[in-house]
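What follows is a short report on a single structure.
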Amino acid sequence: MPDNESHRGAVGTAQVSGVRLSIEADGPSGGRTELFIAPEGPLWAQRPTPTGPQSRSGSVDPAVLARLAALLAEPGAPAGDGGTRRRLSVHGLLPSGDAVWGEGTDGPPPAAVRLLEALVDQVFAGGRPGALPEAALLLDPDEDADEPAATPYAPAGAEPQADPRAAAAFGTVGGRAAYALAEQGKGFGLYATLDQELLGSSSAEAVLVPAAVALGATEGRELFAAGDDRGAVKVWDAVTGAVLHGTGSATGTQAVAAGTVQGVPLVFAGGRSGDVRAWRADDARPLGALATGGRGAAVLRHARCADLDLLAAAGDDAVVRVWDVAGGEQLHLLVGHTERVTALAVLSLGNQAVLASGGADQEIRLWDLATGRPIARLTGHAATVTGLDFLDLGGRPVLASCSLDGTVRTWDVYDGRALHGWSARSGWLTSLAAVVVDGSPVLATGDESGLVRLWEPQSGAALGRLGEPADGPQSPVNALATAELDGAPVLAAGHGDGTLRVWEPAGGALLHELAEDGGPIASLAVTAGDSAGPVLVCGTAAGVVRCHTLRDGAPLSVPGPHVGRVAALSFAPSGVLVSGSADGTVRTWDPLDGTPLLRLRAHPAGVTAVAAGEVGGHALLATAGEDRSVRLWHGLSGLAGPVLSGLAAPAHALAFAVLGERGVVVGGAADGSVVLWDVADGRRISVLGGGGPAVRSLVCEELEGEVLAAVGDAGGTLRLWHLAGGALLNEVAVGTVPLAVSFSDTGLHVAGAGGLTTL
């Protein structure tokens, strides 16, 4: 073998051009993971899962390919790596020729393998923290990209589970006892319990994948709520059928913008699909949406031009859309980029405004926002543009930009001329913002290692850095935003691990650091708030929008959707709507206008059930999760109470009851057991039954001074328990899986797929 190839492996034969990595792991969790990257950047990946192979496609930035080519020229690793075998082949990418590692040769270069494995991890991250910048990888839309569904818990010999995509609930409609039933492909219907008269229904398209439903009432209005597999929650007037509000479904990585419109601080957010939503920053009141024609948004920016408040949105289709915020009218469609747009910035010039857009085509374009006409086309970057901002240098407006090529560039806005450019010498640059420090303009850049560096914009001289990592590199700085707090400049940095840091750039002091909550931060914006001061808005890769007061980092309510399946819905006695999701959160909402009230990080592995009640005059929430715990919360403040343990399997049904003077929580678990806990101290009182099909429904009722629980399981059996004594009073096969159960003067009503059964 020639010396120049001895460290690289055997020369390969002619094959499809690209880089292919194959990883095989031994053991019960083993299997083959594969990654292929074509020379132009298209990517395909596949990994094993318990339910079969999972694959995704997309593309990587040219900067990733350039780095990969350099790393592949490094020495390989010694052969052998325990129970993991790696095979790496490269065809048509390296100037020195094709190569294959892993077939009787040394192992592939370690740094190249680390980069490829980081790509695989980020492809299948599903909104979890990743090591690479957001701009380095673009995934194609994929409805099956979510994590494979976990296999439901069931003991050996248990009967098959019912289709979970059906839900039912009891309540009243028009003063009549009623039930709601939703089934996949059939939408939902509201029926009178007594004679099963149809009181209202949807088309099959209205709720495509029903996951949870609830009936309730507040302020004299009877309501119906439904949640779906994509995290949406929608509420109707159960009598008139009028839609009161809805969150929409989760739409992936969130772009955010903020601005003051007619004196009101607003927040805007949009995902890679769906419309752009707006709400008030001061009280989280939802205000509606701007239609994108399904295109979504990867970046947003608020602007003020000619006495109009505008919103610019751009994304994967390379087009920039501009709306009049007040009227919702689309004013401009800016066409010029040839690949996805990744950065926007706005410069206000009196009664005019200039919009700058940069993209994966490595170009920057300037637009007159008043007319929508192009002003200039700026070229010079050699990779995706990741940051743009305007600043003033000597009385002239200047545009600053950064890119995954590792350079910062400045441009004269008036004549479109390049002014200066320099290398940051810190790898990929991922974000940029301009800030005034001690009266002088300063540029801040974020990079892939998690550092924020400060630069003098005219000379490119380094002024210092923020966030020197004590324990090695941090995750990428995906977004930067600037604001003023008490007259002093502050700089916010959003990281790929979900961490949010706020700095005082003048002295380098870290004002606050907020932990991950909802996935990697992908975008940042700041708006004026109420008396508490500015509001910092964060959009995450998992589809969550976070809002915090800039002064102390306190979280604020956000009217966005859940980002996982809505597993449970319940109306509290006060009328407040409670929702629990597979995203691990429990949220409460004003049922009439959708204003968010509480967001509780209840069960990180996913929420399986919720219940709302009053015990001893206190509003309480009970939540259950995949972690096999039940938690209690104050229903108004969200203050956490006892954690209730002792479940052998997750609880999928919860209810409150009162035994004598004692408040209790009752949980029905996936192993068929029914568990009682004391509300006051969280102590487990008793366990009833168990070892059978999963509990699907549970309701408690006091009859003649005795508290009974009716429990339906996935095997189609309904059991009646005496809670105080623990005696099984009756059990009967009902011929359907009881999705909901209700007591009445005439007996027990069971709602299941296909309709109602009365016992």
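Here, A, B, ... name the chains of the structure tokens in the order displayed, residue numbers run from 1 inside each chain, and ligands are numbered from 1 in the same displayed order.
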
Write out as an MDAnalysis selection string which residues come within 9 Å of A:Ile375 when counting only C-alpha atoms, dropping same-chain ones fewer than 3 positions away. chainID A and resid 354 365:368 416

Closest atom pairs, residues of stretch 395-425 of chain A within 9 Å of stretch 458-465 of chain A, only C-alpha atoms, as JSON lines:
{"residue": "A:Val408", "atom": "CA", "partner": "A:Gly460", "partner_atom": "CA", "distance": 8.2}
{"residue": "A:Arg409", "atom": "CA", "partner": "A:Gly460", "partner_atom": "CA", "distance": 9.0}
{"residue": "A:Thr410", "atom": "CA", "partner": "A:Gln458", "partner_atom": "CA", "distance": 8.2}
{"residue": "A:Leu419", "atom": "CA", "partner": "A:Gln458", "partner_atom": "CA", "distance": 8.3}
{"residue": "A:His420", "atom": "CA", "partner": "A:Gln458", "partner_atom": "CA", "distance": 7.2}
{"residue": "A:Gly421", "atom": "CA", "partner": "A:Gly460", "partner_atom": "CA", "distance": 7.3}
{"residue": "A:Trp422", "atom": "CA", "partner": "A:Gly460", "partner_atom": "CA", "distance": 6.2}
{"residue": "A:Ser423", "atom": "CA", "partner": "A:Gly460", "partner_atom": "CA", "distance": 8.7}
{"residue": "A:Ala424", "atom": "CA", "partner": "A:Ala462", "partner_atom": "CA", "distance": 8.6}

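Between atom CA of A:Leu215 and atom CA of A:Asp229 lies a distance of 18.8 Å.
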
Counting only C-alpha atoms, which residue out of A:Leu639, A:Leu654, A:Ala226, A:Leu399 sits closest to A:Ala622? A:Leu654

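The environment of A:Ala651 within 7 Å, counting only C-alpha atoms and disregarding residues fewer than 4 places along the same chain, consists of Thr608, Ala609, Ala624, Gly625, Arg628, Gly667, Gly668, Ala669 and Ala670 of chain A.
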
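Summary of the local environment: counting only C-alpha atoms, residues at most 12 Å from A:Leu287, other than itself and those fewer than 6 positions away along its chain, are A:His245, A:Gly246, A:Thr247, A:Val264, A:Pro265, A:Leu266, A:Val267, A:Phe268, A:Ala269, A:Val276, A:Arg277, A:Ala278, A:Trp279, A:Arg280, A:Ala281, A:Val325, A:Ala326, A:Gly328, A:Pro559, A:Gly560, A:Asp593, A:Gly594, A:Thr595.
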
Sort by chain and increasing residue number a table of all residues of stretch 667-755 of chain A within 12 Å of stretch 173-177 of chain A, each with its closest pair of atoms and their distance in Å to one decimal, counting only C-alpha atoms, and write it as a Markdown table.
| residue | atom | partner | partner_atom | distance |
| --- | --- | --- | --- | --- |
| A:Ser742 | CA | A:Ala177 | CA | 9.9 |
| A:Phe743 | CA | A:Ala177 | CA | 10.8 |
| A:Ser744 | CA | A:Ala177 | CA | 9.2 |
| A:Asp745 | CA | A:Ala177 | CA | 11.4 |
| A:His749 | CA | A:Ala177 | CA | 10.8 |

Those selected residues, please, written with N, CA, C and O atoms and delivered as a PDB file, in the first residue's frame.
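Okay, this is what ended up in out08.pdb:
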ATOM      1  N   SER A 742     -69.576   6.673  33.853  1.00  0.00           N
ATOM      2  CA  SER A 742     -70.327   7.672  34.601  1.00  0.00           C
ATOM      3  C   SER A 742     -71.432   6.998  35.411  1.00  0.00           C
ATOM      4  O   SER A 742     -72.106   6.072  34.919  1.00  0.00           O
ATOM      5  N   PHE A 743     -71.618   7.454  36.666  1.00  0.00           N
ATOM      6  CA  PHE A 743     -72.755   7.028  37.488  1.00  0.00           C
ATOM      7  C   PHE A 743     -73.971   7.879  37.152  1.00  0.00           C
ATOM      8  O   PHE A 743     -73.846   9.060  36.810  1.00  0.00           O
ATOM      9  N   SER A 744     -75.156   7.283  37.263  1.00  0.00           N
ATOM     10  CA  SER A 744     -76.401   8.034  37.133  1.00  0.00           C
ATOM     11  C   SER A 744     -77.469   7.350  37.981  1.00  0.00           C
ATOM     12  O   SER A 744     -77.242   6.279  38.559  1.00  0.00           O
ATOM     13  N   ASP A 745     -78.640   7.960  38.052  1.00  0.00           N
ATOM     14  CA  ASP A 745     -79.739   7.374  38.826  1.00  0.00           C
ATOM     15  C   ASP A 745     -80.189   6.042  38.256  1.00  0.00           C
ATOM     16  O   ASP A 745     -80.772   5.215  38.963  1.00  0.00           O
ATOM     17  N   HIS A 749     -73.033   4.110  33.138  1.00  0.00           N
ATOM     18  CA  HIS A 749     -72.918   4.280  31.700  1.00  0.00           C
ATOM     19  C   HIS A 749     -71.457   4.111  31.307  1.00  0.00           C
ATOM     20  O   HIS A 749     -70.555   4.673  31.936  1.00  0.00           O
TER      21      HIS A 749
END

Suppose you want the space between atom CA of A:Val607 and atom CA of A:Gly584; what is it in Å? 5.3 Å

Shell around A:Ser201 at 12 Å using only C-alpha atoms, local window under 3 positions removed, as a ChimeraX atom specification: /A:179-183,186-191,197-198,204-207,224,236-242

Which residues, written as a list in words, have at least one atom at most 6 Å from stretch 83-94 of chain A, with only C-alpha atoms counted and residues fewer than 6 positions away on the same chain left out? Ser17, Gly18, Val19, Arg20, Leu21, Ser22, Ile23, Glu24, Ala25, Asp26, Val100, Trp101 and Gly102 of chain A

Using C-alpha atoms, can you export the residues from the last selection as a compact mmCIF listing (two decimals), in the first residue's frame?
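In the end it all went to result-v1.txt:
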# COMPACT_ATOMS: atom_id res chain seq x y z
CA SER A 17 -19.98 9.16 -4.66
CA GLY A 18 -20.27 10.21 -1.07
CA VAL A 19 -19.42 9.30 2.52
CA ARG A 20 -20.98 6.23 4.09
CA LEU A 21 -20.63 5.35 7.78
CA SER A 22 -21.88 2.05 9.16
CA ILE A 23 -21.84 1.32 12.90
CA GLU A 24 -22.69 -2.09 14.28
CA ALA A 25 -23.03 -2.67 18.02
CA ASP A 26 -23.21 -6.05 19.76
CA VAL A 100 -12.41 2.38 2.91
CA TRP A 101 -11.72 1.83 6.59
CA GLY A 102 -12.81 -1.10 8.70
